[in-house]
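Q: Just one file: structure-v3.cif, with mmCIF, C-alpha atoms and all ligand atoms.
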data_work
#
loop_
_atom_site.label_atom_id
_atom_site.label_comp_id
_atom_site.auth_asym_id
_atom_site.auth_seq_id
_atom_site.Cartn_x
_atom_site.Cartn_y
_atom_site.Cartn_z
CA MET A 20 -49.71 88.03 35.91
CA LEU A 21 -51.78 90.16 33.56
CA ASN A 22 -54.00 92.94 34.88
CA ASN A 23 -57.26 94.44 33.56
CA THR A 24 -55.52 97.05 31.41
CA GLN A 25 -53.30 94.52 29.68
CA MET A 26 -56.22 92.17 29.04
CA ARG A 27 -58.25 95.04 27.58
CA GLU A 28 -55.47 95.96 25.18
CA ARG A 29 -55.25 92.41 23.89
CA ASP A 30 -59.03 92.17 23.61
CA LEU A 31 -59.49 95.49 21.79
CA ALA A 32 -56.87 94.60 19.23
CA HIS A 33 -59.29 92.06 17.72
CA ILE A 34 -62.61 91.63 19.45
CA TRP A 35 -65.86 93.33 18.47
CA HIS A 36 -68.23 93.02 21.47
CA PRO A 37 -71.97 92.37 21.28
CA CYS A 38 -74.61 95.00 21.96
CA SER A 39 -71.90 97.66 22.24
CA GLN A 40 -70.78 100.90 20.66
CA MET A 41 -67.09 99.99 20.72
CA LYS A 42 -66.12 103.66 21.11
CA ASP A 43 -67.91 103.71 24.48
CA TYR A 44 -65.16 101.47 25.79
CA GLU A 45 -62.76 104.46 25.53
CA SER A 46 -64.59 106.18 28.38
CA LEU A 47 -66.07 103.14 30.12
CA PRO A 48 -63.66 100.24 29.81
CA PHE A 49 -65.19 96.76 29.82
CA ILE A 50 -64.15 94.37 32.56
CA PRO A 51 -62.04 91.32 31.74
CA ILE A 52 -63.24 88.51 33.98
CA LYS A 53 -60.74 86.01 35.27
CA SER A 54 -63.02 83.69 37.17
CA GLY A 55 -66.43 83.22 38.73
CA LYS A 56 -67.65 81.56 41.88
CA GLY A 57 -71.24 81.41 43.04
CA ALA A 58 -72.93 84.78 42.55
CA TYR A 59 -69.57 86.56 42.11
CA LEU A 60 -67.29 87.37 39.18
CA PHE A 61 -63.63 88.32 39.66
CA ASP A 62 -61.56 90.52 37.37
CA PHE A 63 -57.80 90.58 36.68
CA ASP A 64 -57.22 93.40 39.16
CA GLY A 65 -58.75 91.37 42.00
CA ASN A 66 -62.12 93.19 42.12
CA GLN A 67 -65.30 91.22 42.64
CA TYR A 68 -68.77 91.82 41.21
CA LEU A 69 -72.05 90.45 42.48
CA ASP A 70 -73.87 89.19 39.39
CA ALA A 71 -77.39 90.61 39.88
CA ILE A 72 -78.41 89.79 36.30
CA SER A 73 -77.22 86.17 36.06
CA SER A 74 -74.91 87.15 33.18
CA TRP A 75 -77.64 88.01 30.64
CA TRP A 76 -80.27 85.94 32.46
CA VAL A 77 -78.64 82.57 31.93
CA ASN A 78 -76.85 81.65 35.12
CA LEU A 79 -79.25 79.92 37.49
CA PHE A 80 -77.03 78.16 40.01
CA GLY A 81 -74.00 80.39 40.22
CA HIS A 82 -70.70 80.49 38.39
CA ALA A 83 -68.50 77.39 38.59
CA ASN A 84 -71.24 75.40 40.26
CA PRO A 85 -69.50 72.29 41.68
CA TYR A 86 -72.30 69.88 40.68
CA ILE A 87 -72.66 71.10 37.08
CA ASN A 88 -68.86 71.23 36.76
CA GLU A 89 -68.57 67.62 37.87
CA LYS A 90 -71.22 66.40 35.42
CA ILE A 91 -69.62 68.22 32.49
CA LYS A 92 -66.20 66.84 33.44
CA GLU A 93 -67.60 63.30 33.44
CA GLN A 94 -69.26 63.80 30.06
CA VAL A 95 -66.27 65.39 28.36
CA ASP A 96 -64.32 62.16 28.62
CA THR A 97 -67.22 60.16 27.20
CA LEU A 98 -68.59 62.16 24.27
CA GLU A 99 -68.25 65.87 23.63
CA HIS A 100 -70.31 66.15 20.45
CA VAL A 101 -71.65 64.17 17.55
CA ILE A 102 -73.49 65.16 14.39
CA PHE A 103 -77.17 65.04 15.35
CA ALA A 104 -78.56 64.09 11.94
CA GLY A 105 -78.40 60.32 11.70
CA PHE A 106 -77.00 60.04 15.26
CA SER A 107 -78.16 60.54 18.82
CA HIS A 108 -76.81 60.22 22.37
CA GLU A 109 -77.96 59.59 25.92
CA PRO A 110 -77.72 63.14 27.36
CA ALA A 111 -80.03 64.44 24.60
CA ILE A 112 -82.51 61.56 24.96
CA ARG A 113 -82.62 61.96 28.73
CA LEU A 114 -83.04 65.71 28.48
CA ALA A 115 -85.87 65.34 25.96
CA GLU A 116 -87.69 62.87 28.22
CA ARG A 117 -87.34 65.17 31.19
CA LEU A 118 -88.44 68.32 29.36
CA VAL A 119 -91.49 66.54 27.96
CA ALA A 120 -92.40 65.48 31.50
CA LEU A 121 -91.90 68.99 32.91
CA THR A 122 -93.56 71.18 30.28
CA PRO A 123 -97.32 71.60 29.72
CA GLU A 124 -99.13 68.51 28.40
CA LYS A 125 -99.08 67.59 24.72
CA LEU A 126 -95.60 69.04 24.09
CA ASN A 127 -94.26 65.63 23.20
CA LYS A 128 -91.74 66.43 20.52
CA LEU A 129 -88.56 68.43 20.80
CA PHE A 130 -86.22 70.01 18.23
CA PHE A 131 -82.74 71.11 19.36
CA ALA A 132 -80.84 74.25 18.38
CA ASP A 133 -78.06 76.18 20.05
CA ASN A 134 -79.31 79.66 20.97
CA GLY A 135 -82.54 81.48 21.65
CA SER A 136 -82.81 83.33 18.35
CA SER A 137 -82.41 80.10 16.43
CA ALA A 138 -85.22 78.55 18.46
CA ILE A 139 -87.46 81.42 17.40
CA GLU A 140 -86.45 80.98 13.75
CA ILE A 141 -87.31 77.29 14.01
CA ALA A 142 -90.72 77.93 15.56
CA LEU A 143 -91.50 80.50 12.84
CA LYS A 144 -90.34 78.18 10.08
CA MET A 145 -92.20 75.18 11.51
CA SER A 146 -95.45 77.09 11.87
CA PHE A 147 -95.17 78.41 8.31
CA GLN A 148 -94.23 75.03 6.89
CA TYR A 149 -96.96 73.19 8.76
CA TYR A 150 -99.53 74.97 6.59
CA LYS A 151 -97.39 74.95 3.45
CA ASN A 152 -97.09 71.17 3.73
CA ASP A 153 -100.85 71.17 3.41
CA GLY A 154 -100.78 73.51 0.39
CA VAL A 155 -101.75 76.63 2.35
CA VAL A 156 -99.53 79.71 2.47
CA LYS A 157 -99.86 81.73 5.66
CA ASP A 158 -97.33 84.51 5.27
CA ILE A 159 -97.92 86.72 8.31
CA PHE A 160 -96.62 86.52 11.86
CA ILE A 161 -98.04 88.57 14.69
CA SER A 162 -96.19 89.59 17.81
CA LEU A 163 -96.65 92.15 20.55
CA GLU A 164 -95.51 95.74 20.68
CA ASN A 165 -92.43 96.11 22.88
CA SER A 166 -91.47 92.46 22.33
CA TYR A 167 -87.97 91.01 21.91
CA HIS A 168 -87.23 87.62 20.41
CA GLY A 169 -83.57 87.79 19.41
CA GLU A 170 -81.27 89.23 16.79
CA THR A 171 -81.32 86.91 13.78
CA MET A 172 -83.44 88.23 10.92
CA GLY A 173 -86.67 86.34 11.61
CA ALA A 174 -86.41 86.88 15.35
CA LEU A 175 -85.71 90.59 14.84
CA ALA A 176 -88.68 90.83 12.50
CA VAL A 177 -91.10 89.61 15.16
CA GLY A 178 -89.42 91.78 17.79
CA ASP A 179 -90.43 95.38 18.36
CA VAL A 180 -87.56 97.11 20.15
CA SER A 181 -86.68 99.77 17.61
CA LEU A 182 -83.15 100.19 18.98
CA TYR A 183 -82.26 96.78 17.56
CA LYS A 184 -84.74 96.49 14.70
CA GLU A 185 -85.22 99.79 12.92
CA ILE A 186 -81.95 99.94 11.05
CA TYR A 187 -82.72 96.65 9.30
CA SER A 188 -86.36 97.46 8.54
CA GLU A 189 -85.99 97.24 4.73
CA ILE A 190 -84.72 93.68 4.81
CA LEU A 191 -86.94 92.04 7.41
CA ILE A 192 -89.89 89.73 6.75
CA LYS A 193 -93.29 91.33 7.17
CA THR A 194 -94.83 91.05 10.61
CA VAL A 195 -97.57 92.89 12.45
CA GLN A 196 -97.62 93.95 16.10
CA ALA A 197 -100.65 93.91 18.38
CA LYS A 198 -100.86 96.03 21.49
CA SER A 199 -99.00 94.67 24.48
CA PRO A 200 -100.98 93.82 27.63
CA ALA A 201 -97.97 95.12 29.56
CA LEU A 202 -98.55 98.61 28.14
CA VAL A 203 -102.34 98.85 27.73
CA SER A 204 -105.20 97.07 29.49
CA GLU A 205 -105.68 93.38 28.89
CA ASP A 206 -109.00 94.03 27.15
CA GLU A 207 -107.50 96.61 24.83
CA ALA A 208 -104.60 94.29 24.01
CA LEU A 209 -106.93 91.38 23.24
CA ALA A 210 -109.20 93.59 21.16
CA SER A 211 -106.23 94.84 19.15
CA MET A 212 -105.16 91.23 18.55
CA GLU A 213 -108.62 90.24 17.39
CA VAL A 214 -108.75 93.16 14.95
CA LEU A 215 -105.54 91.84 13.38
CA PHE A 216 -106.81 88.25 13.39
CA GLN A 217 -109.87 89.41 11.46
CA LYS A 218 -107.96 91.68 9.10
CA TYR A 219 -105.47 88.97 8.12
CA ARG A 220 -107.83 86.02 8.54
CA GLY A 221 -106.44 82.88 6.89
CA ARG A 222 -103.01 84.44 6.39
CA ILE A 223 -101.53 84.31 9.91
CA ALA A 224 -99.19 81.40 10.63
CA ALA A 225 -98.49 82.20 14.26
CA VAL A 226 -98.56 84.71 17.05
CA VAL A 227 -95.45 84.86 19.20
CA ILE A 228 -95.40 86.15 22.77
CA GLU A 229 -93.08 86.36 25.75
CA PRO A 230 -95.37 84.99 28.47
CA LEU A 231 -95.80 87.25 31.54
CA VAL A 232 -92.67 89.41 31.13
CA GLN A 233 -91.33 91.27 28.10
CA CYS A 234 -87.82 91.16 29.44
CA ALA A 235 -85.72 93.14 26.96
CA GLY A 236 -88.71 95.47 26.59
CA SER A 237 -87.79 97.00 29.95
CA MET A 238 -89.17 94.13 32.05
CA ALA A 239 -92.75 95.02 31.15
CA MET A 240 -95.14 92.65 32.93
CA TYR A 241 -98.68 91.42 32.40
CA GLY A 242 -101.14 88.88 33.82
CA ALA A 243 -101.60 85.20 33.01
CA ASN A 244 -105.21 85.75 32.01
CA TYR A 245 -104.12 87.48 28.80
CA ILE A 246 -102.30 84.33 27.76
CA SER A 247 -105.31 82.08 28.31
CA GLU A 248 -107.62 84.50 26.49
CA LEU A 249 -105.14 84.82 23.64
CA LYS A 250 -104.96 81.04 23.33
CA LYS A 251 -108.75 80.94 22.91
CA LEU A 252 -108.52 83.56 20.17
CA CYS A 253 -105.74 81.59 18.47
CA GLU A 254 -107.94 78.49 18.44
CA LYS A 255 -110.92 80.43 17.08
CA TYR A 256 -108.89 81.88 14.19
CA GLU A 257 -106.63 78.84 13.64
CA VAL A 258 -103.41 80.63 14.47
CA PHE A 259 -100.50 78.88 16.21
CA MET A 260 -99.25 80.26 19.50
CA ILE A 261 -95.47 80.36 19.97
CA ALA A 262 -94.49 80.89 23.60
CA ASP A 263 -91.02 82.37 23.82
CA GLU A 264 -89.93 81.30 27.31
CA ILE A 265 -86.28 81.76 26.46
CA ALA A 266 -85.89 84.35 29.24
CA VAL A 267 -88.79 83.48 31.55
CA GLY A 268 -88.55 79.67 31.52
CA PHE A 269 -86.91 77.55 34.22
CA GLY A 270 -88.39 79.17 37.28
CA ARG A 271 -87.89 82.86 36.57
CA THR A 272 -91.51 83.87 37.04
CA GLY A 273 -92.04 81.70 40.10
CA THR A 274 -93.25 78.56 38.31
CA MET A 275 -91.08 76.27 36.21
CA PHE A 276 -92.64 77.70 33.04
CA ALA A 277 -94.65 80.90 32.74
CA CYS A 278 -97.39 79.24 30.63
CA GLU A 279 -98.26 77.05 33.62
CA GLN A 280 -99.71 80.12 35.34
CA ALA A 281 -102.16 80.51 32.47
CA GLY A 282 -102.93 76.81 32.25
CA VAL A 283 -102.06 76.99 28.56
CA THR A 284 -100.21 74.61 26.26
CA PRO A 285 -98.75 76.66 23.42
CA ASP A 286 -98.31 75.07 19.98
CA PHE A 287 -94.59 75.80 20.19
CA LEU A 288 -92.53 76.41 23.32
CA CYS A 289 -89.06 77.92 22.88
CA LEU A 290 -86.54 77.43 25.68
CA SER A 291 -82.91 78.44 26.06
CA LYS A 292 -80.79 80.65 28.39
CA GLY A 293 -81.23 79.04 31.85
CA ILE A 294 -81.64 75.59 30.30
CA THR A 295 -77.94 74.81 30.79
CA GLY A 296 -77.62 76.78 34.02
CA GLY A 297 -75.74 79.38 31.98
CA TYR A 298 -72.94 77.02 30.99
CA LEU A 299 -73.27 76.21 27.32
CA PRO A 300 -75.35 77.38 24.37
CA LEU A 301 -78.46 75.26 23.85
CA SER A 302 -82.08 75.79 22.91
CA VAL A 303 -85.10 73.66 22.18
CA VAL A 304 -88.40 74.07 20.41
CA MET A 305 -91.12 71.84 21.81
CA THR A 306 -94.30 71.00 19.97
CA SER A 307 -97.12 68.50 19.71
CA ASP A 308 -97.39 65.09 18.05
CA GLU A 309 -100.04 66.59 15.80
CA ILE A 310 -97.69 69.25 14.40
CA TYR A 311 -94.83 66.75 14.14
CA SER A 312 -97.07 64.44 12.10
CA ALA A 313 -97.57 67.10 9.42
CA PHE A 314 -93.87 66.74 8.55
CA TYR A 315 -93.74 62.94 8.82
CA CYS A 316 -93.96 61.27 5.42
CA ASP A 317 -91.82 59.87 2.62
CA TYR A 318 -88.80 62.05 1.88
CA SER A 319 -89.94 62.39 -1.74
CA GLU A 320 -93.05 64.29 -0.63
CA GLY A 321 -90.81 67.27 0.23
CA LYS A 322 -92.34 67.95 3.65
CA SER A 323 -89.28 67.35 5.83
CA PHE A 324 -88.11 70.02 8.23
CA LEU A 325 -84.54 70.42 7.02
CA ASP A 326 -83.34 73.10 9.44
CA SER A 327 -79.99 72.28 11.08
CA HIS A 328 -77.14 73.77 13.09
CA SER A 329 -73.70 72.25 13.50
CA TYR A 330 -73.94 72.18 17.30
CA THR A 331 -77.53 70.92 17.45
CA GLY A 332 -78.03 68.72 20.52
CA ASN A 333 -74.46 69.18 21.72
CA ALA A 334 -73.70 66.47 24.28
CA LEU A 335 -71.91 68.73 26.75
CA ALA A 336 -74.72 71.29 26.62
CA CYS A 337 -77.34 68.56 27.13
CA THR A 338 -75.31 67.28 30.09
CA ALA A 339 -75.23 70.77 31.61
CA ALA A 340 -79.01 70.94 31.08
CA ASN A 341 -79.54 67.57 32.76
CA ALA A 342 -77.37 68.69 35.69
CA THR A 343 -79.42 71.88 35.90
CA LEU A 344 -82.64 69.86 36.06
CA ASP A 345 -81.07 67.60 38.71
CA LEU A 346 -80.47 70.68 40.85
CA PHE A 347 -84.07 71.84 40.40
CA GLU A 348 -85.21 68.44 41.65
CA LYS A 349 -82.67 67.83 44.40
CA GLU A 350 -82.95 71.28 45.91
CA HIS A 351 -86.69 71.84 45.37
CA VAL A 352 -85.76 75.12 43.76
CA ILE A 353 -89.24 76.32 42.82
CA GLU A 354 -90.27 75.98 46.48
CA THR A 355 -87.12 77.42 48.03
CA ASN A 356 -87.09 80.33 45.59
CA LYS A 357 -90.42 81.48 47.01
CA VAL A 358 -88.73 82.58 50.23
CA LYS A 359 -86.02 84.50 48.36
CA ILE A 360 -88.60 86.07 46.04
CA ASP A 361 -90.45 87.36 49.11
CA ILE A 362 -87.21 88.74 50.56
CA LEU A 363 -86.57 90.56 47.29
CA SER A 364 -90.10 92.07 47.32
CA ALA A 365 -89.61 93.26 50.87
CA LEU A 366 -86.27 94.85 49.94
CA LEU A 367 -87.86 96.67 47.02
CA LYS A 368 -90.55 98.38 49.06
CA ARG A 369 -88.46 101.40 50.00
CA PHE A 370 -87.65 102.17 46.35
CA VAL A 371 -91.22 103.40 45.84
CA ASP A 372 -90.52 106.38 48.08
CA LEU A 373 -87.66 107.69 45.98
CA PRO A 374 -88.86 110.79 44.07
CA ASN A 375 -87.43 109.58 40.74
CA VAL A 376 -89.01 106.12 40.93
CA LYS A 377 -92.12 105.72 38.78
CA GLU A 378 -92.92 102.07 39.45
CA VAL A 379 -91.59 98.95 41.13
CA ARG A 380 -92.75 95.66 39.63
CA GLN A 381 -91.94 92.03 40.21
CA ARG A 382 -92.86 88.66 38.79
CA GLY A 383 -91.14 85.87 40.66
CA PHE A 384 -87.38 86.31 40.44
CA ILE A 385 -87.60 89.20 38.00
CA ALA A 386 -87.87 92.60 39.66
CA ALA A 387 -87.70 96.03 38.07
CA VAL A 388 -87.52 99.62 39.26
CA GLU A 389 -88.60 102.10 36.62
CA LEU A 390 -87.29 105.65 36.89
CA ALA A 391 -89.19 108.65 35.64
CA GLY A 392 -88.25 111.98 34.15
CA TYR A 393 -85.08 111.22 32.21
CA ALA A 394 -84.70 111.67 28.47
CA PRO A 395 -83.20 108.58 26.76
CA GLU A 396 -80.18 110.58 25.56
CA LYS A 397 -79.20 111.14 29.19
CA ARG A 398 -78.42 107.40 29.34
CA ILE A 399 -79.27 107.33 32.98
CA GLY A 400 -79.02 103.55 33.03
CA LEU A 401 -75.36 103.85 32.10
CA GLU A 402 -74.73 106.10 35.10
CA ILE A 403 -76.34 103.51 37.37
CA TYR A 404 -74.36 100.72 35.70
CA LYS A 405 -71.09 102.61 36.37
CA TYR A 406 -71.97 103.39 39.97
CA ALA A 407 -72.95 99.79 40.68
CA LEU A 408 -69.77 98.39 39.13
CA ALA A 409 -67.64 100.79 41.16
CA HIS A 410 -69.47 99.37 44.20
CA GLY A 411 -69.04 95.74 43.28
CA VAL A 412 -72.43 94.92 41.72
CA LEU A 413 -73.23 93.99 38.14
CA LEU A 414 -76.52 95.67 37.23
CA ARG A 415 -77.35 96.35 33.60
CA PRO A 416 -80.30 98.73 33.42
CA LEU A 417 -82.48 98.74 30.33
CA GLY A 418 -82.89 102.45 29.61
CA ASN A 419 -84.59 103.92 32.68
CA VAL A 420 -85.33 100.52 34.19
CA VAL A 421 -83.04 99.03 36.81
CA TYR A 422 -83.76 95.35 37.26
CA PHE A 423 -82.69 92.33 39.28
CA MET A 424 -82.56 88.79 37.90
CA PRO A 425 -80.17 87.11 40.28
CA PRO A 426 -79.00 83.51 40.20
CA TYR A 427 -81.13 81.25 42.40
CA ILE A 428 -78.22 80.50 44.75
CA VAL A 429 -78.26 84.16 45.84
CA THR A 430 -78.31 84.64 49.61
CA GLU A 431 -80.32 87.14 51.64
CA GLU A 432 -77.12 89.11 52.30
CA GLN A 433 -76.40 89.28 48.60
CA LEU A 434 -79.95 90.44 47.85
CA ILE A 435 -79.45 93.16 50.44
CA GLU A 436 -76.11 94.10 48.90
CA MET A 437 -77.47 94.41 45.35
CA THR A 438 -80.57 96.35 46.33
CA ASP A 439 -78.57 98.66 48.62
CA VAL A 440 -76.19 99.54 45.81
CA ALA A 441 -79.07 100.06 43.36
CA TYR A 442 -80.89 102.24 45.89
CA GLU A 443 -77.86 104.47 46.40
CA ALA A 444 -77.26 104.66 42.65
CA ILE A 445 -80.84 105.70 41.97
CA LYS A 446 -80.73 108.25 44.78
CA ARG A 447 -77.68 109.87 43.25
CA VAL A 448 -78.71 110.24 39.59
C1 LIG B 501 -87.42 86.47 25.19
C2 LIG B 501 -86.17 86.25 24.41
N1 LIG B 501 -86.23 85.58 23.25
C3 LIG B 501 -85.14 85.33 22.51
C4 LIG B 501 -83.89 85.78 22.91
C5 LIG B 501 -82.70 85.50 22.06
O1 LIG B 501 -81.87 84.55 22.65
P1 LIG B 501 -80.33 84.50 22.22
O2 LIG B 501 -79.70 85.74 22.75
O3 LIG B 501 -79.80 83.25 22.85
O4 LIG B 501 -80.30 84.42 20.73
C6 LIG B 501 -83.78 86.51 24.10
C7 LIG B 501 -82.48 87.03 24.54
O5 LIG B 501 -82.38 87.87 25.38
C8 LIG B 501 -84.95 86.76 24.86
O6 LIG B 501 -84.91 87.46 26.00
#
Is it possible to give me this structure as structure tokens?
Ligand SMILES: Cc1ncc(COP(=O)(O)O)c(C=O)c1O
A:
Amino acid sequence: MLNNTQMRERDLAHIWHPCSQMKDYESLPFIPIKSGKGAYLFDFDGNQYLDAISSWWVNLFGHANPYINEKIKEQVDTLEHVIFAGFSHEPAIRLAERLVALTPEKLNKLFFADNGSSAIEIALKMSFQYYKNDGVVKDIFISLENSYHGETMGALAVGDVSLYKEIYSEILIKTVQAKSPALVSEDEALASMEVLFQKYRGRIAAVVIEPLVQCAGSMAMYGANYISELKKLCEKYEVFMIADEIAVGFGRTGTMFACEQAGVTPDFLCLSKGITGGYLPLSVVMTSDEIYSAFYCDYSEGKSFLDSHSYTGNALACTAANATLDLFEKEHVIETNKVKIDILSALLKRFVDLPNVKEVRQRGFIAAVELAGYAPEKRIGLEIYKYALAHGVLLRPLGNVVYFMPPYIVTEEQLIEMTDVAYEAIKRV
């Protein structure tokens, strides 16, 4: 039987890992995972790791969830995939019906893609083309400072995390950033948005936001009121609102979708990550009948939305998504999560007393502990990551911010375990 070292050698011979300086793996070897069960991952040396970050925020109901497994197994013998242009299938139709019923009113139409970044590209392209179909060119997109929307070129362009974006600055489409309500007051953020709306009046296709939590931007959080006020501004200046709920959707902020807390229906809603319970790549862009109609005409008019991806509407991914929604329904997850969310808040209280902790914040099942006083080059997060791994917990701090985004099947004991390890790690740095 192969061990971690042997698996690493085979991997490093060919594989270039994401979001990594490959040389770092000389001093901090990555962990080859053999299997997963519930909230735990197991490596080839027999170590186990409590997955406190739901494997990049996707895994909602644990690894190898028996119910989702069963549904995928059933589907794989029926239909694994079919071209989605000119064809359709039941898992996609059922998923579309269910998502329309679950999301804010008026989001009646749904376009499939296969990852979060692609969903953002689609929402950007649709909002641009909506106006272009009417002979109007609106060539500017606005987003928030400190935002993250993915790594493809359009998604990077509306993002604002310089670590990922800066190096490509010369080749990105032009976008403008307004102040983030997570970093300045809500009033200041809204005022900064309105200044941009006035400056570029008539030229802005859409504003894109991560409702309530800027996750990759160090779990920066803001209130629902900003979203409702922004929506009013968008209506006043005829700018589309794209809500990127790729990370915060499906219960993460305490409600099924973050926009619900603001009572807002965005013009475009992008969903991915947790949609399949962390099983298979899938994303959707939801929009209104009104927007859909602007593309609906004779082919010869040249107004069709011709975006496509080979795995669009993949039947296995849609099945995993339907199984995920079944679990939400059957287990009343939004309700039962409330108890666990309260347990997590209680466990976080003691972090405030640590001298190197600047702030503890939480929105639903996203909790963050921000450390103060460390220069970025100290890579303090990496030290905490190493300590936690050595103690059986997968944490993946963002700079100086240690966060928890556990799968919803997490138990009280597991919440205690992950916060205990984080507490000790923070105490030691
Ligand atoms: C808010 C948000 N939007 C978009 C993306 C991009 O999704 P993907 O990594 O599937 O391309 C992410 C990924 O972390 C995200 O957090």
Q: Need to verify the contact set: Gly297 in chain A, 9 Å, all atoms listed in the file, exclusion of same-chain residues closer than 3 positions in sequence. Can you return it as a PyMOL selection string?
A: chain A and resi 73-82+292-294+300+339
Q: Please identify all protein, DNA and RNA residues within 6 Å of ligand LIG 501 (chain B), counting all atoms listed in the file, and report them as a ChimeraX atom specification.
A: /A:134-136,167-169,229,234-235,263,265-266
Q: Please indicate the distance in Å from CA of Lys397 in chain A to CA of Ser39 in chain A, rounded to one decimal place.
A: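 These two atoms are separated by 16.8 Å.
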Q: Just to confirm, what's the straight-line distance from CA of Val388 in chain A to CA of Ala441 in chain A in Å (one decimal)?
A: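 That distance, rounded to one decimal, is 9.4 Å.
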Q: Just checking: using only C-alpha atoms, which residue out of A:Leu249, A:Ala243, A:Leu126, A:Ala224 ends up closest to Glu309 in chain A?
A: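 The shortest atom-to-atom distance to Glu309 in chain A comes from A:Leu126.
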Q: Using all atoms listed in the file, which residues sit within 9 Å of Ala340 in chain A once same-chain residues fewer than 4 positions away are excluded, as a list of chain:residue names?
A: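 Non-adjacent residues within range: A:Ile87, A:Pro110, A:Leu114, A:Gly293, A:Ile294, A:Thr295, A:Gly296, A:Tyr298, A:Leu299, A:Leu301, A:Leu335, A:Ala336, A:Leu344, A:Asp345.
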Q: Take the residues just selected and output them with C-alpha atoms as a PDB file, in the coordinates of the input.
A:
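What landed in out-v5.pdb:
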ATOM      1  CA  ILE A  87     -72.660  71.100  37.080  1.00  0.00           C
ATOM      2  CA  PRO A 110     -77.720  63.140  27.360  1.00  0.00           C
ATOM      3  CA  LEU A 114     -83.040  65.710  28.480  1.00  0.00           C
ATOM      4  CA  GLY A 293     -81.230  79.040  31.850  1.00  0.00           C
ATOM      5  CA  ILE A 294     -81.640  75.590  30.300  1.00  0.00           C
ATOM      6  CA  THR A 295     -77.940  74.810  30.790  1.00  0.00           C
ATOM      7  CA  GLY A 296     -77.620  76.780  34.020  1.00  0.00           C
ATOM      8  CA  TYR A 298     -72.940  77.020  30.990  1.00  0.00           C
ATOM      9  CA  LEU A 299     -73.270  76.210  27.320  1.00  0.00           C
ATOM     10  CA  LEU A 301     -78.460  75.260  23.850  1.00  0.00           C
ATOM     11  CA  LEU A 335     -71.910  68.730  26.750  1.00  0.00           C
ATOM     12  CA  ALA A 336     -74.720  71.290  26.620  1.00  0.00           C
ATOM     13  CA  LEU A 344     -82.640  69.860  36.060  1.00  0.00           C
ATOM     14  CA  ASP A 345     -81.070  67.600  38.710  1.00  0.00           C
TER      15      ASP A 345
END
Q: Which of these, A:Leu175, A:Met424, A:Leu202, A:Ile399, has the shortest distance to Val267 in chain A once you count all atoms listed in the file?
A: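 For Val267 in chain A, the nearest of the given residues is A:Met424.
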